[in-house]
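Source file: model_17.csv; contents: CSV, C-alpha atoms.
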```csv
chain,number,residue,atom,x,y,z
A,1384,MET,CA,-3.6,21.3,-2.3
A,1385,ALA,CA,-6.8,23.2,-1.9
A,1386,LYS,CA,-8.3,23.2,1.6
A,1387,TYR,CA,-11.4,24.6,3.2
A,1388,THR,CA,-10.4,27.1,5.9
A,1389,ASP,CA,-13.7,28.7,6.8
A,1390,ALA,CA,-15.9,27.8,9.8
A,1391,ASP,CA,-17.1,24.2,9.7
A,1392,CYS,CA,-20.4,25.1,11.3
A,1393,ARG,CA,-21.2,27.2,8.2
A,1394,LEU,CA,-21.2,24.0,6.2
A,1395,CYS,CA,-23.8,22.4,8.4
A,1396,ARG,CA,-26.0,25.5,8.2
A,1397,ARG,CA,-25.6,25.6,4.4
A,1398,GLU,CA,-26.8,21.9,4.1
A,1399,GLY,CA,-29.5,22.3,6.7
A,1400,CYS,CA,-28.4,19.3,8.7
A,1401,LYS,CA,-25.7,18.1,11.1
A,1402,LEU,CA,-22.6,16.8,9.4
A,1403,PHE,CA,-20.8,16.2,12.7
A,1404,LEU,CA,-17.7,18.1,11.8
A,1405,LYS,CA,-16.9,19.4,15.3
A,1406,GLY,CA,-17.1,16.3,17.5
A,1407,ASP,CA,-18.8,16.8,20.8
A,1408,ARG,CA,-19.9,20.3,19.9
A,1409,CYS,CA,-22.3,18.9,17.4
A,1410,ILE,CA,-24.3,17.1,20.1
A,1411,SER,CA,-24.3,20.0,22.5
A,1412,PRO,CA,-26.6,23.1,22.7
A,1413,LYS,CA,-23.7,25.1,21.1
A,1414,CYS,CA,-24.3,23.4,17.7
A,1415,ALA,CA,-24.9,26.0,15.0
A,1416,ILE,CA,-27.9,24.1,13.6
A,1417,GLU,CA,-29.6,24.3,17.0
A,1418,LYS,CA,-28.8,28.0,17.5
A,1419,ARG,CA,-29.4,29.3,14.0
A,1420,PRO,CA,-30.9,26.8,11.6
A,1421,VAL,CA,-30.7,29.1,8.5
A,1422,VAL,CA,-28.5,29.3,5.5
A,1423,PRO,CA,-25.4,31.5,6.2
A,1424,GLY,CA,-25.3,35.0,4.5
A,1425,GLN,CA,-27.6,38.0,4.5
A,1426,HIS,CA,-30.1,36.2,2.3
A,1427,GLY,CA,-30.2,33.1,4.4
A,1428,MET,CA,-33.8,33.7,5.5
A,1429,GLY,CA,-35.1,34.0,2.0
A,1430,ARG,CA,-36.9,31.2,0.2
A,1431,LYS,CA,-35.9,30.0,-3.2
A,1432,LYS,CA,-37.7,27.4,-5.3
A,1433,ALA,CA,-35.4,24.3,-5.5
A,1434,THR,CA,-34.9,22.8,-8.9
A,1435,GLU,CA,-34.1,19.1,-9.5
A,1436,TYR,CA,-30.5,20.0,-10.3
A,1437,SER,CA,-30.1,22.1,-7.2
A,1438,LEU,CA,-31.4,19.3,-5.0
A,1439,GLN,CA,-29.0,16.9,-6.6
A,1440,LEU,CA,-26.1,19.3,-6.2
A,1441,ARG,CA,-26.9,20.0,-2.5
A,1442,GLU,CA,-27.0,16.2,-1.8
A,1443,LYS,CA,-23.6,15.8,-3.4
A,1444,GLN,CA,-22.2,18.8,-1.5
A,1445,LYS,CA,-23.6,17.4,1.8
A,1446,VAL,CA,-21.8,14.1,1.4
A,1447,LYS,CA,-18.6,15.7,0.2
A,1448,ARG,CA,-18.6,18.0,3.2
A,1449,ALA,CA,-19.5,15.3,5.7
A,1450,TYR,CA,-16.5,13.2,4.6
A,1451,GLY,CA,-14.3,16.2,4.1
A,1452,LEU,CA,-13.5,15.6,0.5
A,1453,LEU,CA,-12.8,17.9,-2.5
A,1454,GLU,CA,-14.6,17.5,-5.8
A,1455,LYS,CA,-11.7,15.5,-7.4
A,1456,GLN,CA,-11.4,13.1,-4.6
A,1457,PHE,CA,-15.2,12.6,-4.4
A,1458,LYS,CA,-15.6,12.0,-8.1
A,1459,GLN,CA,-12.8,9.5,-8.0
A,1460,SER,CA,-14.8,7.5,-5.5
A,1461,TYR,CA,-17.8,7.7,-7.7
A,1462,GLU,CA,-15.9,6.5,-10.8
A,1463,LYS,CA,-14.3,3.7,-8.9
A,1464,ALA,CA,-17.8,2.6,-7.6
A,1465,THR,CA,-19.1,2.5,-11.2
A,1466,ARG,CA,-16.4,-0.1,-12.0
A,1467,MET,CA,-17.4,-2.4,-9.1
A,1468,LYS,CA,-20.1,-5.0,-9.1
A,1469,GLY,CA,-23.3,-4.1,-7.4
A,1470,VAL,CA,-25.3,-0.9,-6.9
A,1471,VAL,CA,-23.2,2.2,-7.7
A,1472,GLY,CA,-24.6,4.3,-4.9
A,1473,GLU,CA,-24.0,1.7,-2.2
A,1474,ASN,CA,-20.5,1.0,-3.6
A,1475,MET,CA,-19.6,4.7,-3.4
A,1476,LEU,CA,-20.8,5.0,0.2
A,1477,SER,CA,-18.9,1.8,1.1
A,1478,LEU,CA,-15.7,3.3,-0.4
A,1479,LEU,CA,-16.2,6.5,1.6
A,1480,GLU,CA,-16.8,4.6,4.8
A,1481,ARG,CA,-13.7,2.5,4.3
A,1482,ARG,CA,-11.3,5.4,4.0
A,1483,LEU,CA,-8.8,5.2,6.8
A,1484,ASP,CA,-9.6,8.6,8.2
A,1485,ASN,CA,-13.3,7.7,8.4
A,1486,VAL,CA,-12.5,4.3,10.0
A,1487,VAL,CA,-10.3,6.1,12.7
A,1488,TYR,CA,-13.3,8.4,13.3
A,1489,ARG,CA,-15.8,5.6,13.5
A,1490,MET,CA,-13.6,3.7,16.0
A,1491,GLY,CA,-13.7,6.7,18.2
A,1492,ILE,CA,-10.0,7.5,18.0
A,1493,GLY,CA,-10.7,10.9,16.6
A,1494,ASP,CA,-13.6,13.2,17.7
A,1495,SER,CA,-14.3,14.3,14.1
A,1496,ARG,CA,-13.2,13.2,10.6
A,1497,SER,CA,-11.0,16.3,10.3
A,1498,GLU,CA,-9.2,15.4,13.5
A,1499,SER,CA,-8.9,11.7,12.4
A,1500,ARG,CA,-7.4,12.9,9.1
A,1501,GLN,CA,-4.8,14.8,11.0
A,1502,ILE,CA,-4.1,11.8,13.2
A,1503,VAL,CA,-3.5,9.7,10.1
A,1504,ASN,CA,-1.4,12.4,8.4
A,1505,HIS,CA,0.9,12.6,11.4
A,1506,GLY,CA,1.7,8.9,11.2
A,1507,HIS,CA,-0.1,7.8,14.4
A,1508,ILE,CA,-2.0,4.9,12.8
A,1509,CYS,CA,-0.8,1.5,11.7
A,1510,VAL,CA,-2.6,-0.9,9.3
A,1511,ASN,CA,-1.5,-4.5,9.8
A,1512,GLY,CA,1.5,-3.3,11.8
A,1513,LYS,CA,2.8,-0.8,9.3
A,1514,VAL,CA,2.4,3.0,9.6
A,1515,VAL,CA,-0.1,4.4,7.0
A,1516,ASN,CA,-0.2,8.2,6.7
A,1517,ILE,CA,-2.6,8.4,3.7
A,1518,PRO,CA,-6.2,9.3,4.9
A,1519,SER,CA,-7.7,8.1,1.6
A,1520,TYR,CA,-6.3,4.5,2.1
A,1521,ILE,CA,-9.1,2.0,1.6
A,1522,VAL,CA,-9.2,-0.7,4.3
A,1523,LYS,CA,-10.1,-4.3,3.6
A,1524,VAL,CA,-11.9,-7.0,5.6
A,1525,GLY,CA,-9.5,-8.5,8.1
A,1526,ASP,CA,-7.2,-5.4,8.3
A,1527,GLU,CA,-6.0,-4.6,11.8
A,1528,ILE,CA,-6.0,-0.9,12.8
A,1529,SER,CA,-3.8,0.2,15.7
A,1530,ILE,CA,-2.3,3.3,17.2
A,1531,LYS,CA,1.5,3.3,16.7
A,1532,GLU,CA,3.2,1.9,19.8
A,1533,SER,CA,5.4,4.9,20.3
A,1534,LYS,CA,2.4,7.3,20.3
A,1535,ARG,CA,0.2,5.5,22.8
A,1536,ASP,CA,1.3,7.6,25.7
A,1537,LEU,CA,0.1,10.8,24.1
A,1538,PRO,CA,-2.7,12.4,26.2
A,1539,LYS,CA,-5.1,12.0,23.3
A,1540,PHE,CA,-4.7,8.3,23.2
A,1541,LYS,CA,-4.3,7.6,26.9
A,1542,GLN,CA,-7.8,8.9,27.6
A,1543,LEU,CA,-9.2,6.3,25.2
A,1544,LYS,CA,-8.1,3.4,27.4
A,1545,GLY,CA,-10.9,1.5,29.0
A,1546,ILE,CA,-13.8,3.6,27.7
A,1547,LYS,CA,-16.8,2.1,25.9
A,1548,ILE,CA,-17.0,3.3,22.3
A,1549,VAL,CA,-20.2,3.0,20.2
A,1550,MET,CA,-19.4,2.1,16.6
A,1551,PRO,CA,-20.9,0.4,13.5
A,1552,LYS,CA,-21.0,-3.4,13.7
A,1553,TRP,CA,-18.6,-3.9,10.8
A,1554,LEU,CA,-15.8,-2.5,13.0
A,1555,GLU,CA,-14.4,-3.5,16.4
A,1556,PHE,CA,-12.0,-1.6,18.6
A,1557,ASP,CA,-10.4,-2.7,21.9
A,1558,SER,CA,-9.9,0.5,23.9
A,1559,ASN,CA,-7.6,-1.2,26.3
A,1560,LYS,CA,-5.2,-2.6,23.7
A,1561,LEU,CA,-5.8,0.4,21.3
A,1562,THR,CA,-6.3,-2.0,18.4
A,1563,GLY,CA,-9.2,-2.6,16.1
A,1564,LYS,CA,-10.3,-4.7,13.2
A,1565,ILE,CA,-12.4,-4.6,10.0
A,1566,ASN,CA,-14.9,-7.4,10.5
A,1567,ALA,CA,-16.9,-6.9,7.3
A,1568,LEU,CA,-17.7,-4.4,4.5
A,1569,PRO,CA,-20.0,-1.6,5.6
A,1570,LYS,CA,-23.6,-2.2,4.4
A,1571,ARG,CA,-26.1,0.6,3.5
A,1572,ASP,CA,-27.9,0.2,6.9
A,1573,ASP,CA,-24.6,0.9,8.7
A,1574,ILE,CA,-24.4,4.5,7.4
A,1575,ASP,CA,-26.1,6.8,9.8
A,1576,LEU,CA,-26.0,9.9,7.7
A,1577,ASN,CA,-29.3,10.9,5.9
A,1578,ILE,CA,-28.0,10.4,2.4
A,1579,GLN,CA,-30.0,10.0,-0.9
A,1580,GLU,CA,-27.2,8.6,-3.0
A,1581,HIS,CA,-29.4,8.0,-6.0
A,1582,MET,CA,-29.5,11.8,-6.4
A,1583,ILE,CA,-25.8,12.0,-6.6
A,1584,ILE,CA,-25.6,9.2,-9.2
A,1585,GLU,CA,-28.3,11.1,-11.3
A,1586,LEU,CA,-26.2,14.3,-11.1
A,1587,TYR,CA,-23.0,12.6,-12.3
A,1588,SER,CA,-25.0,10.8,-15.0
A,1589,ARG,CA,-26.2,14.0,-16.6
```

Target format C-alpha cells, applied to this file:
Amino acid sequence: MAKYTDADCRLCRREGCKLFLKGDRCISPKCAIEKRPVVPGQHGMGRKKATEYSLQLREKQKVKRAYGLLEKQFKQSYEKATRMKGVVGENMLSLLERRLDNVVYRMGIGDSRSESRQIVNHGHICVNGKVVNIPSYIVKVGDEISIKESKRDLPKFKQLKGIKIVMPKWLEFDSNKLTGKINALPKRDDIDLNIQEHMIIELYSR
C-alpha cells in the first residue's frame, strides 16, 4: 500500500494552515507554520494566480492530509456520503470523523491521527469489547471504545489515567477507566478544522 514518508510539516506548509499532524509540536513555537509560513520548495515565495480548480484541489488535499488518507480512501468516503440522506458535504465529514483512528485521536488516546492509526493497527483498541485493528472502521452511536485490557500497563496508556481531556461533545472518555463512548453522530459544528466542503463536492462533481 502506498504511504507518505516525507516530513509531515511540509504538508502543513503546502496547505498554508495547521493540520495538527505532529501532536504537541503543532501548538508549540517549533511548528513549521509559525517558523516558515511559505510553500515548500525553491519557488515557495512566488505568487501564482489561483484558479477555481486549484482552490478546489487544495481544499481536497488539505482534508485528505489532515485525516491521513490516500485518494482512493477519500473518494470512497465521498461516494458513500452521496448515497446517504442529507447534505453530501456534511455526510462526508461525519464519516471521516467517525473513522476509528480519528475517534482514538479525538479521545486523546493518540497525540496525532498518525499515532492513533498505529495504535489501532497494533490491536490496542477494542470496540464493544472486541479488538478492532482497522483504522477505517466506522463507529456508530452507542459504541464503546476501550484500550485492550492487556495493553493498559504500557507507558503510553498509563500516563492517560486521571488526566482531563478536551474532546468534542459527541464523544466521552473516562481517563481513569480508559473507556469511552460514542454519544451521538458528529455535527458540522463539532469539526474544528477550517474546511469548505462544498468546494470538494464541486471538484468531484466536475

To one decimal place in Å, what is the distance between atom CA of A:Asp1575 and atom CA of A:Gln1456?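 Calculated distance between atom CA of A:Asp1575 and atom CA of A:Gln1456 is 21.5 Å.
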
Surrounding residues of A:Ser1437 excluding itself and chain neighbours under 4 positions, 12 Å, all atoms listed in the file, as a ChimeraX atom specification: /A:1398,1431-1433,1441-1444,1582-1583,1585-1586

Local residues around (-12.5, 1.5, 24.3), at most 9 Å away, using all atoms listed in the file, as a PyMOL selection string: chain A and resi 1490-1491+1543-1549+1556-1561

Using only C-alpha atoms and a cutoff of 12 Å, can you tell me which residues are near (-15.7, 3.9, 15.1) in the file's coordinates, and write them out as an MDAnalysis selection string? chainID A and resid 1480:1481 1483:1496 1499 1528 1547:1558 1562:1565 1569 1573:1574

Residue nearest A:Asn1516 - candidates A:Arg1535, A:Arg1482, A:Lys1447, A:Lys1458, atoms counted: all atoms listed in the file: A:Arg1482

To one decimal place, how far is atom CA of A:Pro1518 from atom CA of A:Lys1539 in Å? 18.6 Å

In Å, how far is it from atom CA of A:Met1475 to atom CA of A:Ser1497? 19.9 Å

Here is a test: counting only C-alpha atoms, which residue of A:Ile1578, A:Ile1508, A:Leu1479, A:Ile1502 is nearest to A:Ile1521?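 The shortest atom-to-atom distance to A:Ile1521 comes from A:Leu1479.
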
Shell around A:Val1515 at 8 Å using only C-alpha atoms, local window under 6 positions removed, as a ChimeraX atom specification: /A:1503,1506,1508-1509

What would stretch 1446-1482 of chain A look like with N, CA and C atoms restored, written as a PDB file, in the coordinates of the input?
```pdb
ATOM      1  N   VAL A1446     -22.668  15.281   1.168  1.00  0.00           N
ATOM      2  CA  VAL A1446     -21.800  14.100   1.400  1.00  0.00           C
ATOM      3  C   VAL A1446     -20.359  14.440   1.310  1.00  0.00           C
ATOM      4  N   LYS A1447     -19.984  15.260   0.337  1.00  0.00           N
ATOM      5  CA  LYS A1447     -18.600  15.700   0.200  1.00  0.00           C
ATOM      6  C   LYS A1447     -18.124  16.355   1.516  1.00  0.00           C
ATOM      7  N   ARG A1448     -18.942  17.235   2.046  1.00  0.00           N
ATOM      8  CA  ARG A1448     -18.600  18.000   3.200  1.00  0.00           C
ATOM      9  C   ARG A1448     -18.554  17.115   4.480  1.00  0.00           C
ATOM     10  N   ALA A1449     -19.478  16.173   4.551  1.00  0.00           N
ATOM     11  CA  ALA A1449     -19.500  15.300   5.700  1.00  0.00           C
ATOM     12  C   ALA A1449     -18.231  14.455   5.792  1.00  0.00           C
ATOM     13  N   TYR A1450     -17.746  13.985   4.639  1.00  0.00           N
ATOM     14  CA  TYR A1450     -16.500  13.200   4.600  1.00  0.00           C
ATOM     15  C   TYR A1450     -15.265  14.001   4.438  1.00  0.00           C
ATOM     16  N   GLY A1451     -15.419  15.302   4.242  1.00  0.00           N
ATOM     17  CA  GLY A1451     -14.300  16.200   4.100  1.00  0.00           C
ATOM     18  C   GLY A1451     -13.467  16.042   2.867  1.00  0.00           C
ATOM     19  N   LEU A1452     -14.167  15.832   1.737  1.00  0.00           N
ATOM     20  CA  LEU A1452     -13.500  15.600   0.500  1.00  0.00           C
ATOM     21  C   LEU A1452     -13.663  16.809  -0.474  1.00  0.00           C
ATOM     22  N   LEU A1453     -12.699  16.977  -1.377  1.00  0.00           N
ATOM     23  CA  LEU A1453     -12.800  17.900  -2.500  1.00  0.00           C
ATOM     24  C   LEU A1453     -13.465  17.237  -3.658  1.00  0.00           C
ATOM     25  N   GLU A1454     -13.845  18.010  -4.658  1.00  0.00           N
ATOM     26  CA  GLU A1454     -14.600  17.500  -5.800  1.00  0.00           C
ATOM     27  C   GLU A1454     -13.797  16.345  -6.504  1.00  0.00           C
ATOM     28  N   LYS A1455     -12.505  16.542  -6.720  1.00  0.00           N
ATOM     29  CA  LYS A1455     -11.700  15.500  -7.400  1.00  0.00           C
ATOM     30  C   LYS A1455     -11.700  14.214  -6.692  1.00  0.00           C
ATOM     31  N   GLN A1456     -11.483  14.277  -5.376  1.00  0.00           N
ATOM     32  CA  GLN A1456     -11.400  13.100  -4.600  1.00  0.00           C
ATOM     33  C   GLN A1456     -12.799  12.357  -4.575  1.00  0.00           C
ATOM     34  N   PHE A1457     -13.860  13.161  -4.461  1.00  0.00           N
ATOM     35  CA  PHE A1457     -15.200  12.600  -4.400  1.00  0.00           C
ATOM     36  C   PHE A1457     -15.564  11.919  -5.726  1.00  0.00           C
ATOM     37  N   LYS A1458     -15.247  12.579  -6.824  1.00  0.00           N
ATOM     38  CA  LYS A1458     -15.600  12.000  -8.100  1.00  0.00           C
ATOM     39  C   LYS A1458     -14.787  10.748  -8.397  1.00  0.00           C
ATOM     40  N   GLN A1459     -13.568  10.682  -7.900  1.00  0.00           N
ATOM     41  CA  GLN A1459     -12.800   9.500  -8.000  1.00  0.00           C
ATOM     42  C   GLN A1459     -13.447   8.287  -7.354  1.00  0.00           C
ATOM     43  N   SER A1460     -14.050   8.557  -6.194  1.00  0.00           N
ATOM     44  CA  SER A1460     -14.800   7.500  -5.500  1.00  0.00           C
ATOM     45  C   SER A1460     -15.984   7.048  -6.288  1.00  0.00           C
ATOM     46  N   TYR A1461     -16.688   8.009  -6.889  1.00  0.00           N
ATOM     47  CA  TYR A1461     -17.800   7.700  -7.700  1.00  0.00           C
ATOM     48  C   TYR A1461     -17.410   6.826  -8.925  1.00  0.00           C
ATOM     49  N   GLU A1462     -16.341   7.243  -9.595  1.00  0.00           N
ATOM     50  CA  GLU A1462     -15.900   6.500 -10.800  1.00  0.00           C
ATOM     51  C   GLU A1462     -15.409   5.112 -10.436  1.00  0.00           C
ATOM     52  N   LYS A1463     -14.761   4.975  -9.304  1.00  0.00           N
ATOM     53  CA  LYS A1463     -14.300   3.700  -8.900  1.00  0.00           C
ATOM     54  C   LYS A1463     -15.534   2.779  -8.562  1.00  0.00           C
ATOM     55  N   ALA A1464     -16.583   3.379  -7.980  1.00  0.00           N
ATOM     56  CA  ALA A1464     -17.800   2.600  -7.600  1.00  0.00           C
ATOM     57  C   ALA A1464     -18.507   2.118  -8.882  1.00  0.00           C
ATOM     58  N   THR A1465     -18.423   2.888  -9.990  1.00  0.00           N
ATOM     59  CA  THR A1465     -19.100   2.500 -11.200  1.00  0.00           C
ATOM     60  C   THR A1465     -18.415   1.233 -11.835  1.00  0.00           C
ATOM     61  N   ARG A1466     -17.153   1.004 -11.472  1.00  0.00           N
ATOM     62  CA  ARG A1466     -16.400  -0.100 -12.000  1.00  0.00           C
ATOM     63  C   ARG A1466     -16.542  -1.391 -11.150  1.00  0.00           C
ATOM     64  N   MET A1467     -17.219  -1.242 -10.019  1.00  0.00           N
ATOM     65  CA  MET A1467     -17.400  -2.400  -9.100  1.00  0.00           C
ATOM     66  C   MET A1467     -18.723  -3.060  -9.355  1.00  0.00           C
ATOM     67  N   LYS A1468     -18.821  -4.306  -8.956  1.00  0.00           N
ATOM     68  CA  LYS A1468     -20.100  -5.000  -9.100  1.00  0.00           C
ATOM     69  C   LYS A1468     -21.054  -4.529  -8.014  1.00  0.00           C
ATOM     70  N   GLY A1469     -22.351  -4.540  -8.347  1.00  0.00           N
ATOM     71  CA  GLY A1469     -23.300  -4.100  -7.400  1.00  0.00           C
ATOM     72  C   GLY A1469     -23.946  -2.776  -7.691  1.00  0.00           C
ATOM     73  N   VAL A1470     -24.637  -2.202  -6.710  1.00  0.00           N
ATOM     74  CA  VAL A1470     -25.300  -0.900  -6.900  1.00  0.00           C
ATOM     75  C   VAL A1470     -24.296   0.214  -6.710  1.00  0.00           C
ATOM     76  N   VAL A1471     -24.238   1.098  -7.697  1.00  0.00           N
ATOM     77  CA  VAL A1471     -23.200   2.200  -7.700  1.00  0.00           C
ATOM     78  C   VAL A1471     -23.260   3.024  -6.459  1.00  0.00           C
ATOM     79  N   GLY A1472     -24.459   3.465  -6.083  1.00  0.00           N
ATOM     80  CA  GLY A1472     -24.600   4.300  -4.900  1.00  0.00           C
ATOM     81  C   GLY A1472     -24.085   3.704  -3.645  1.00  0.00           C
ATOM     82  N   GLU A1473     -24.440   2.443  -3.438  1.00  0.00           N
ATOM     83  CA  GLU A1473     -24.000   1.700  -2.200  1.00  0.00           C
ATOM     84  C   GLU A1473     -22.493   1.456  -2.279  1.00  0.00           C
ATOM     85  N   ASN A1474     -21.981   1.176  -3.463  1.00  0.00           N
ATOM     86  CA  ASN A1474     -20.500   1.000  -3.600  1.00  0.00           C
ATOM     87  C   ASN A1474     -19.776   2.247  -3.241  1.00  0.00           C
ATOM     88  N   MET A1475     -20.286   3.384  -3.699  1.00  0.00           N
ATOM     89  CA  MET A1475     -19.600   4.700  -3.400  1.00  0.00           C
ATOM     90  C   MET A1475     -19.603   4.959  -1.932  1.00  0.00           C
ATOM     91  N   LEU A1476     -20.736   4.750  -1.257  1.00  0.00           N
ATOM     92  CA  LEU A1476     -20.800   5.000   0.200  1.00  0.00           C
ATOM     93  C   LEU A1476     -19.878   4.036   0.937  1.00  0.00           C
ATOM     94  N   SER A1477     -19.789   2.798   0.462  1.00  0.00           N
ATOM     95  CA  SER A1477     -18.900   1.800   1.100  1.00  0.00           C
ATOM     96  C   SER A1477     -17.444   2.261   0.996  1.00  0.00           C
ATOM     97  N   LEU A1478     -17.068   2.777  -0.167  1.00  0.00           N
ATOM     98  CA  LEU A1478     -15.700   3.300  -0.400  1.00  0.00           C
ATOM     99  C   LEU A1478     -15.404   4.453   0.568  1.00  0.00           C
ATOM    100  N   LEU A1479     -16.361   5.340   0.706  1.00  0.00           N
ATOM    101  CA  LEU A1479     -16.200   6.500   1.600  1.00  0.00           C
ATOM    102  C   LEU A1479     -16.039   6.061   3.037  1.00  0.00           C
ATOM    103  N   GLU A1480     -16.845   5.083   3.434  1.00  0.00           N
ATOM    104  CA  GLU A1480     -16.800   4.600   4.800  1.00  0.00           C
ATOM    105  C   GLU A1480     -15.472   3.878   5.092  1.00  0.00           C
ATOM    106  N   ARG A1481     -14.908   3.260   4.076  1.00  0.00           N
ATOM    107  CA  ARG A1481     -13.700   2.500   4.300  1.00  0.00           C
ATOM    108  C   ARG A1481     -12.411   3.290   4.149  1.00  0.00           C
ATOM    109  N   ARG A1482     -12.530   4.580   3.935  1.00  0.00           N
ATOM    110  CA  ARG A1482     -11.300   5.400   4.000  1.00  0.00           C
ATOM    111  C   ARG A1482     -10.746   5.356   5.387  1.00  0.00           C
TER     112      ARG A1482
END
```
